[in-house]
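Notes for the one structure printed next.
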Amino acid sequence: MPRGLGAAEQFVADIAALTQPDAVVWCNGSDAEHARLIGQMIDAGTLVPLNPDLRPDSFLARSDPRDVARAESATFICSAREEDAGPTNNWAEPTQMRNTLHEVFTGCMRGRTLYVVPFSMGPVGGRLSQVGIEITDSPYVVASMRIMTRIGAPAMREIAAGARWVPAVHSVGMPLVTSGGTRVQDVPWPCSETKYITHFPEGREIWSFGSGYGGNALLGKKCYALRIASAIARDEGWLAEHMLLIRLTHTDGRRYHVAAAFPSACGKTNLAMLRSVLPEWTVSTFGDDIVWMRPGTDGRLWAINPEAGFFGVAPGTGESTNPTAVRTLTQNVIFTNVALTDDGDVWWEGLTDSPPAHLTDWQGQEWTPEIAAETGRTAAHPNARFTVAAEQCPLIDSDWEDGDGVPVDLILFGGRRASNVPLAALARDWHQGVFYGATIASERTAAAEGTVGELRRDPFAMLPFCGYHMADYWAHWLQVGDSLTRPPAVAAVNWFRKGPDGQFLWPGFAENIRVLDWLLRQSEGQVPGRACAVGTLPEPEELNLDGLELDPADLREVLRVDAAGWTSEADGIADYFTSMGTAVPKVLWEELARLRAALAAQTAQPSSR
Ligand SMILES: Nc1nc2c(ncn2[C@@H]2O[C@H](COP(=O)(O)OP(=O)(O)OP(=O)(O)O)[C@@H](O)[C@H]2O)c(=O)[nH]1
Ligand SMILES: O=C([O-])CC(=O)C(=O)O
Ligand SMILES: [Mn+2]
């Protein structure tokens, strides 16, 4: 990894020589610089300013309809050895990939400006923080990085002071001057059919080509804070995770920190902004997508949110589901691929109970409920996003920027499962907890390309984000656990189980506090729970359901562990572990054997629920 200012200057000079931009601008992150970029993007049609009376300092970007989500098939881990990327990543031979990148990046910024964006992941100078430099030819990326990370002068000072930094190169891949010298007209959302989202874990380097979409282009996020950081974390004994982080404060003064890994579009932002319906609990937000955790000298696991903003899913975010997010989005927001109202505000499915009579949809076309009924077109893209500073969140915790982090008490793993997986199960110990993480499966969502609804394994919600061999990553989790004398409790949760009528059995959202409340009481031994094959489950009467009307039959169903269903689940896990090769830790095979034995015992006692 490079260090220092000299190396940074050399890096910028090298990339400028390769990509041949018209100009090079070092970003300092100032308000004036930001205003200039916004003005340019409005002129270019990239941003539509929203009505300042309704949504001050906020903008709408409409992407190219082919550039709306993470491009997993174009995402590569270029480790020196193929086996280090593992069976779940696309691997590319590093020298070959470097040649390809050299080819596509040559002259790719002609006619454009190259921006240099120094950034810090985590509070600048914090104990768990790290810095990087993103080079990009997209002002949308600069403006978004300014929200999502800490960019500019303070990060540059860290680099000048000698901090190691991660080099990250991004281009939308659409030069404005051809190699023959012909000028090309720019478009509001430049991108390319050719896409490469590449990571060099040994050199801690990122190269991204052809997309302007968040997860592909804001390189501090998934590329650095997860794929590259997971490789750094493996080597240094810590964890880089796809998790939210919250604090629960009880009226009696007790405080707990909960981190949770759910796959993309499975409820992290919602849980991160939960407004408690139980009067004894207050929830405050630390982060909604990424957590870095390090064993402390006290034998506990200490966590920070390395990001500075939220890049959240808009559809489904409304007053009844996530009122905190709605209040976070009142100003200074970049919206991407939502619909525009006739008075210059934004709308998406789920923001209000019924849609406005007339809208401009995410592709700039006329939209009415009638047109929607006829064509099935949604007003917003299902993966439409908002980009907003975390400090605007009304529930943000006053300690969220504490560089030392907070000690984690409980880790949750969950996915989107219509059947089988119960509402909550507490693991007996760290080993079973790692087994929960390693065996998460979830129905596909719109956050990446692919068929929505299809079930896929997404271990630790890290399938698209682990920078090395997934089974080695499981072994790393086991090893980190061994180094903790006070490890967090671990639980599996599922908010998405459905009844035979296809309706969710559990009301979810703010009501999920009831599950957290039980898990914390159970982990402290205040309630017995019901030991079962998959962990300790709540007895229905142990859940605090004050003020909630829930059909007792639905509650029983959402807590039901079906031995036959779980036996085939176990078969699926065995096939999955086998497909992961010989690196799967023995401990996880032992956990599977324990699960099978417990299921056999459960089947032998037909009276059990
Ligand atoms: N039924 C149900 N749906 C939920 C719940 N929590 C979230 N959702 C829905 O799940 C979708 C995604 O929620 P988010 O909180 O944005 O998911 P995320 O994990 O932050 O997604 P990424 O930002 O892509 O990583 C939205 O449509 C939500 O309305 C819940 O408890 N129950
Ligand atoms: O990374 C992104 O582009 C958006 C996101 O949070 C995810 O897909 O998990
Ligand atoms: Mn989110």
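Letters for chains follow the order of the structure tokens (A, B, ...), residue numbers begin at 1 for each chain, and ligand numbers begin at 1 in the order shown.
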
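Look at Leu595 of chain A: the protein and nucleic acid residues within 9 Å of it, using only C-alpha atoms and passing over chain neighbours fewer than 4 places away, are Ala533, Val534, Trp566, Thr567, Ala570, Glu590, Glu591, Leu599 and Ala600 of chain A.
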
Using only C-alpha atoms, what table do you get, as a Markdown table, when you list each residue of segment 163-265 of chain A with an atom no more than 12 Å from segment 1-8 of chain A, its nearest pair of atoms, and their distance in Å rounded to one decimal, rows by chain then rising number?
```
| residue | atom | partner | partner_atom | distance |
| --- | --- | --- | --- | --- |
| A:Ala163 | CA | A:Arg3 | CA | 5.7 |
| A:Arg164 | CA | A:Arg3 | CA | 4.4 |
| A:Trp165 | CA | A:Pro2 | CA | 5.9 |
| A:Val166 | CA | A:Met1 | CA | 6.5 |
| A:Pro167 | CA | A:Pro2 | CA | 7.9 |
| A:Ala168 | CA | A:Ala8 | CA | 11.2 |
| A:Phe200 | CA | A:Met1 | CA | 10.9 |
| A:Pro201 | CA | A:Met1 | CA | 10.3 |
| A:Glu202 | CA | A:Met1 | CA | 8.7 |
| A:Gly203 | CA | A:Met1 | CA | 6.0 |
| A:Arg204 | CA | A:Met1 | CA | 6.2 |
| A:Glu205 | CA | A:Met1 | CA | 8.1 |
| A:Ile206 | CA | A:Met1 | CA | 11.7 |
| A:Ile228 | CA | A:Met1 | CA | 11.4 |
| A:Ile232 | CA | A:Met1 | CA | 10.5 |
```

Dump as an mmCIF file, in the first residue's frame, selection limited to C-alpha atoms:
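The resulting file, out_4.cif, is shown below:
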```cif
data_model
loop_
_atom_site.group_PDB
_atom_site.id
_atom_site.type_symbol
_atom_site.label_atom_id
_atom_site.label_comp_id
_atom_site.auth_asym_id
_atom_site.auth_seq_id
_atom_site.Cartn_x
_atom_site.Cartn_y
_atom_site.Cartn_z
ATOM 1 C CA ALA A 163 -0.867 7.267 6.481
ATOM 2 C CA ARG A 164 -1.183 4.224 4.184
ATOM 3 C CA TRP A 165 -3.819 4.873 1.535
ATOM 4 C CA VAL A 166 -5.785 2.774 -0.942
ATOM 5 C CA PRO A 167 -5.565 3.877 -4.591
ATOM 6 C CA ALA A 168 -8.968 3.718 -6.335
ATOM 7 C CA PHE A 200 -6.363 -6.279 -6.290
ATOM 8 C CA PRO A 201 -6.431 -7.523 -2.687
ATOM 9 C CA GLU A 202 -2.655 -7.936 -2.309
ATOM 10 C CA GLY A 203 -1.856 -4.437 -3.601
ATOM 11 C CA ARG A 204 -5.053 -3.049 -1.923
ATOM 12 C CA GLU A 205 -6.005 -1.401 -5.202
ATOM 13 C CA ILE A 206 -9.358 -0.726 -6.937
ATOM 14 C CA ILE A 228 -10.406 -4.597 0.102
ATOM 15 C CA ILE A 232 -6.768 -6.165 5.169
#
```

TODO: Measure the distance from atom CA of Glu241 of chain A to atom CA of Pro407 of chain A in Å and round it to one decimal.
DONE: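 Those two atoms sit 15.1 Å apart.
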
Open item on the list: I need the residues of segment 282-334 of chain A that end up classed as alpha helix (DSSP H) by DSSP on the backbone, written out as a PyMOL selection string.
Closed with: chain A and resi 323-328

Go ahead and write the selection's residues with N, CA and C atoms as a PDB file, in the first residue's frame.
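Once everything was written out, this is again.pdb:
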```
ATOM      1  N   PRO A 323     -40.263   6.130   9.220  1.00  0.00           N
ATOM      2  CA  PRO A 323     -40.470   7.582   9.348  1.00  0.00           C
ATOM      3  C   PRO A 323     -39.159   8.319   9.615  1.00  0.00           C
ATOM      4  N   THR A 324     -38.198   7.644  10.241  1.00  0.00           N
ATOM      5  CA  THR A 324     -36.907   8.296  10.502  1.00  0.00           C
ATOM      6  C   THR A 324     -36.214   8.645   9.189  1.00  0.00           C
ATOM      7  N   ALA A 325     -36.243   7.707   8.238  1.00  0.00           N
ATOM      8  CA  ALA A 325     -35.616   7.996   6.939  1.00  0.00           C
ATOM      9  C   ALA A 325     -36.344   9.148   6.261  1.00  0.00           C
ATOM     10  N   VAL A 326     -37.658   9.139   6.324  1.00  0.00           N
ATOM     11  CA  VAL A 326     -38.420  10.227   5.698  1.00  0.00           C
ATOM     12  C   VAL A 326     -37.969  11.574   6.273  1.00  0.00           C
ATOM     13  N   ARG A 327     -37.751  11.621   7.590  1.00  0.00           N
ATOM     14  CA  ARG A 327     -37.301  12.867   8.224  1.00  0.00           C
ATOM     15  C   ARG A 327     -35.836  13.191   7.923  1.00  0.00           C
ATOM     16  N   THR A 328     -35.058  12.172   7.588  1.00  0.00           N
ATOM     17  CA  THR A 328     -33.652  12.401   7.234  1.00  0.00           C
ATOM     18  C   THR A 328     -33.541  13.050   5.856  1.00  0.00           C
TER      19      THR A 328
END
```

Proximity check chain A to ligand 3, 10 Å, nearest pairs one decimal Å, only C-alpha atoms and all ligand atoms, as JSON lines:
```
{"residue": "A:His242", "atom": "CA", "partner": "ligand 3", "partner_atom_place_in_ligand_line": "1 (Mn)", "distance": 9.9}
{"residue": "A:Met243", "atom": "CA", "partner": "ligand 3", "partner_atom_place_in_ligand_line": "1 (Mn)", "distance": 9.4}
{"residue": "A:Leu244", "atom": "CA", "partner": "ligand 3", "partner_atom_place_in_ligand_line": "1 (Mn)", "distance": 8.4}
{"residue": "A:Phe262", "atom": "CA", "partner": "ligand 3", "partner_atom_place_in_ligand_line": "1 (Mn)", "distance": 9.4}
{"residue": "A:Pro263", "atom": "CA", "partner": "ligand 3", "partner_atom_place_in_ligand_line": "1 (Mn)", "distance": 9.3}
{"residue": "A:Ser264", "atom": "CA", "partner": "ligand 3", "partner_atom_place_in_ligand_line": "1 (Mn)", "distance": 6.9}
{"residue": "A:Ala265", "atom": "CA", "partner": "ligand 3", "partner_atom_place_in_ligand_line": "1 (Mn)", "distance": 6.4}
{"residue": "A:Cys266", "atom": "CA", "partner": "ligand 3", "partner_atom_place_in_ligand_line": "1 (Mn)", "distance": 8.1}
{"residue": "A:Gly267", "atom": "CA", "partner": "ligand 3", "partner_atom_place_in_ligand_line": "1 (Mn)", "distance": 6.9}
{"residue": "A:Lys268", "atom": "CA", "partner": "ligand 3", "partner_atom_place_in_ligand_line": "1 (Mn)", "distance": 5.3}
{"residue": "A:Thr269", "atom": "CA", "partner": "ligand 3", "partner_atom_place_in_ligand_line": "1 (Mn)", "distance": 4.3}
{"residue": "A:Asn270", "atom": "CA", "partner": "ligand 3", "partner_atom_place_in_ligand_line": "1 (Mn)", "distance": 7.5}
{"residue": "A:Leu271", "atom": "CA", "partner": "ligand 3", "partner_atom_place_in_ligand_line": "1 (Mn)", "distance": 9.5}
{"residue": "A:Ala272", "atom": "CA", "partner": "ligand 3", "partner_atom_place_in_ligand_line": "1 (Mn)", "distance": 8.8}
{"residue": "A:Gly287", "atom": "CA", "partner": "ligand 3", "partner_atom_place_in_ligand_line": "1 (Mn)", "distance": 9.4}
{"residue": "A:Asp288", "atom": "CA", "partner": "ligand 3", "partner_atom_place_in_ligand_line": "1 (Mn)", "distance": 5.8}
{"residue": "A:Asp289", "atom": "CA", "partner": "ligand 3", "partner_atom_place_in_ligand_line": "1 (Mn)", "distance": 5.6}
{"residue": "A:Ile290", "atom": "CA", "partner": "ligand 3", "partner_atom_place_in_ligand_line": "1 (Mn)", "distance": 9.4}
{"residue": "A:Phe310", "atom": "CA", "partner": "ligand 3", "partner_atom_place_in_ligand_line": "1 (Mn)", "distance": 7.0}
{"residue": "A:Phe311", "atom": "CA", "partner": "ligand 3", "partner_atom_place_in_ligand_line": "1 (Mn)", "distance": 6.2}
{"residue": "A:Gly312", "atom": "CA", "partner": "ligand 3", "partner_atom_place_in_ligand_line": "1 (Mn)", "distance": 4.4}
{"residue": "A:Val313", "atom": "CA", "partner": "ligand 3", "partner_atom_place_in_ligand_line": "1 (Mn)", "distance": 5.9}
{"residue": "A:Ala314", "atom": "CA", "partner": "ligand 3", "partner_atom_place_in_ligand_line": "1 (Mn)", "distance": 9.3}
{"residue": "A:Arg385", "atom": "CA", "partner": "ligand 3", "partner_atom_place_in_ligand_line": "1 (Mn)", "distance": 9.0}
{"residue": "A:Phe386", "atom": "CA", "partner": "ligand 3", "partner_atom_place_in_ligand_line": "1 (Mn)", "distance": 9.6}
{"residue": "A:Ala447", "atom": "CA", "partner": "ligand 3", "partner_atom_place_in_ligand_line": "1 (Mn)", "distance": 9.8}
```

- [ ] Excluding Glu193 of chain A and any residue of its chain fewer than 2 positions from it, enumerate the residues within 9 Å of it, using only C-alpha atoms, and give them as a list in words.
- [x] Arg66, Gly173, Cys191, Lys195, Gly210 and Ser211 of chain A

- [ ] Could you tell me which of A:Asn28, A:Thr198, A:Thr113, A:Thr317 comes closest to Ile77 of chain A if we count only C-alpha atoms?
- [x]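 Of all the options, A:Thr198 lies closest to Ile77 of chain A.
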
- [ ] Mind the document's chain letters and residue numbers, and return as a PyMOL selection string the residues of segment 21-184 of chain A that DSSP labels strand (DSSP E).
- [x] chain A and resi 23-26+47-49+59-61+75-77+90-91+113-121+130-136+150-151+165-171

Output N, CA and C atoms for every residue in that selection, as a short mmCIF file (atom, residue, chain, number, x, y, z; two decimals), in the first residue's frame.
```cif
data_model
loop_
_atom_site.label_atom_id
_atom_site.label_comp_id
_atom_site.auth_asym_id
_atom_site.auth_seq_id
_atom_site.Cartn_x
_atom_site.Cartn_y
_atom_site.Cartn_z
N ALA A 23 -8.42 18.25 -17.80
CA ALA A 23 -7.98 18.98 -16.61
C ALA A 23 -7.91 18.03 -15.42
N VAL A 24 -7.10 18.40 -14.44
CA VAL A 24 -7.00 17.64 -13.20
C VAL A 24 -7.37 18.56 -12.05
N VAL A 25 -8.32 18.14 -11.22
CA VAL A 25 -8.75 18.96 -10.08
C VAL A 25 -8.60 18.17 -8.79
N TRP A 26 -7.84 18.72 -7.85
CA TRP A 26 -7.73 18.09 -6.52
C TRP A 26 -8.87 18.63 -5.67
N LEU A 47 -28.28 16.45 -13.09
CA LEU A 47 -29.11 16.67 -11.91
C LEU A 47 -30.27 17.57 -12.25
N VAL A 48 -31.44 17.21 -11.74
CA VAL A 48 -32.61 18.09 -11.80
C VAL A 48 -32.76 18.68 -10.41
N PRO A 49 -32.68 20.02 -10.26
CA PRO A 49 -32.87 20.59 -8.92
C PRO A 49 -34.32 20.41 -8.49
N PHE A 59 -31.55 17.11 -5.19
CA PHE A 59 -31.46 16.91 -6.63
C PHE A 59 -31.91 15.51 -7.00
N LEU A 60 -32.36 15.41 -8.25
CA LEU A 60 -32.72 14.11 -8.80
C LEU A 60 -31.77 13.78 -9.95
N ALA A 61 -31.19 12.60 -9.90
CA ALA A 61 -30.40 12.09 -11.03
C ALA A 61 -31.16 10.93 -11.64
N THR A 75 -17.72 -7.87 -11.70
CA THR A 75 -16.93 -7.58 -10.50
C THR A 75 -15.89 -8.68 -10.29
N PHE A 76 -14.64 -8.30 -10.16
CA PHE A 76 -13.54 -9.27 -10.12
C PHE A 76 -12.66 -9.08 -8.90
N ILE A 77 -12.19 -10.21 -8.38
CA ILE A 77 -11.14 -10.22 -7.38
C ILE A 77 -9.89 -10.74 -8.09
N ASN A 90 -15.71 -13.89 -8.91
CA ASN A 90 -15.09 -13.94 -10.23
C ASN A 90 -13.63 -13.62 -10.03
N TRP A 91 -12.77 -14.51 -10.50
CA TRP A 91 -11.34 -14.25 -10.39
C TRP A 91 -10.81 -13.87 -11.76
N THR A 113 -12.90 16.12 -17.02
CA THR A 113 -12.04 16.53 -15.92
C THR A 113 -11.77 15.33 -15.02
N LEU A 114 -10.52 15.18 -14.61
CA LEU A 114 -10.16 14.14 -13.65
C LEU A 114 -10.19 14.77 -12.26
N TYR A 115 -11.03 14.22 -11.38
CA TYR A 115 -11.10 14.71 -10.01
C TYR A 115 -10.32 13.78 -9.09
N VAL A 116 -9.56 14.38 -8.19
CA VAL A 116 -8.82 13.62 -7.19
C VAL A 116 -9.56 13.80 -5.86
N VAL A 117 -10.04 12.69 -5.31
CA VAL A 117 -10.86 12.77 -4.10
C VAL A 117 -10.20 12.00 -2.95
N PRO A 118 -9.44 12.70 -2.10
CA PRO A 118 -8.90 12.02 -0.91
C PRO A 118 -10.04 11.81 0.08
N PHE A 119 -10.11 10.63 0.69
CA PHE A 119 -11.23 10.38 1.60
C PHE A 119 -10.79 9.52 2.78
N SER A 120 -11.54 9.67 3.88
CA SER A 120 -11.29 8.85 5.06
C SER A 120 -12.50 7.96 5.30
N MET A 121 -12.27 6.68 5.53
CA MET A 121 -13.32 5.78 5.98
C MET A 121 -13.20 5.73 7.49
N GLN A 130 -9.31 4.47 8.09
CA GLN A 130 -8.33 4.29 7.03
C GLN A 130 -8.63 5.29 5.92
N VAL A 131 -7.62 5.62 5.12
CA VAL A 131 -7.82 6.61 4.06
C VAL A 131 -7.63 6.00 2.68
N GLY A 132 -8.07 6.74 1.68
CA GLY A 132 -7.91 6.33 0.29
C GLY A 132 -7.93 7.54 -0.60
N ILE A 133 -7.61 7.33 -1.88
CA ILE A 133 -7.74 8.40 -2.87
C ILE A 133 -8.51 7.83 -4.05
N GLU A 134 -9.69 8.41 -4.31
CA GLU A 134 -10.42 8.00 -5.51
C GLU A 134 -10.19 9.02 -6.60
N ILE A 135 -9.79 8.52 -7.76
CA ILE A 135 -9.74 9.34 -8.96
C ILE A 135 -10.98 9.01 -9.76
N THR A 136 -11.70 10.04 -10.21
CA THR A 136 -12.92 9.79 -10.99
C THR A 136 -13.12 10.88 -12.03
N ARG A 150 -15.69 11.04 4.34
CA ARG A 150 -15.15 12.35 4.71
C ARG A 150 -14.07 12.69 3.70
N ILE A 151 -14.40 13.61 2.76
CA ILE A 151 -13.45 13.88 1.68
C ILE A 151 -12.68 15.18 1.92
N TRP A 165 -2.56 4.58 2.22
CA TRP A 165 -3.82 4.87 1.54
C TRP A 165 -4.07 3.89 0.40
N VAL A 166 -5.37 3.69 0.12
CA VAL A 166 -5.79 2.77 -0.94
C VAL A 166 -6.02 3.56 -2.23
N PRO A 167 -5.32 3.22 -3.31
CA PRO A 167 -5.57 3.88 -4.59
C PRO A 167 -6.81 3.29 -5.26
N ALA A 168 -7.71 4.16 -5.74
CA ALA A 168 -8.97 3.72 -6.34
C ALA A 168 -9.24 4.56 -7.58
N VAL A 169 -9.34 3.91 -8.72
CA VAL A 169 -9.50 4.63 -9.98
C VAL A 169 -10.87 4.32 -10.57
N HIS A 170 -11.61 5.36 -10.92
CA HIS A 170 -12.94 5.18 -11.50
C HIS A 170 -13.12 6.02 -12.75
N SER A 171 -13.72 5.43 -13.77
CA SER A 171 -14.13 6.21 -14.94
C SER A 171 -15.48 5.72 -15.41
#
```

Open item on the list: Please report the interatomic distance between atom CA of Trp238 of chain A and atom CA of Tyr256 of chain A in Å with one decimal.
Closed with: 20.7 Å

TODO: Enter the distance from atom CA of Ala17 of chain A to atom CA of Arg227 of chain A, in Å, rounded to one decimal.
DONE: 27.4 Å

Open item on the list: Here is a test: counting only C-alpha atoms and all ligand atoms, which residue of A:Asp137, A:Asp67, A:Asp404, A:Asp342 is nearest to ligand 2?
Closed with: A:Asp67
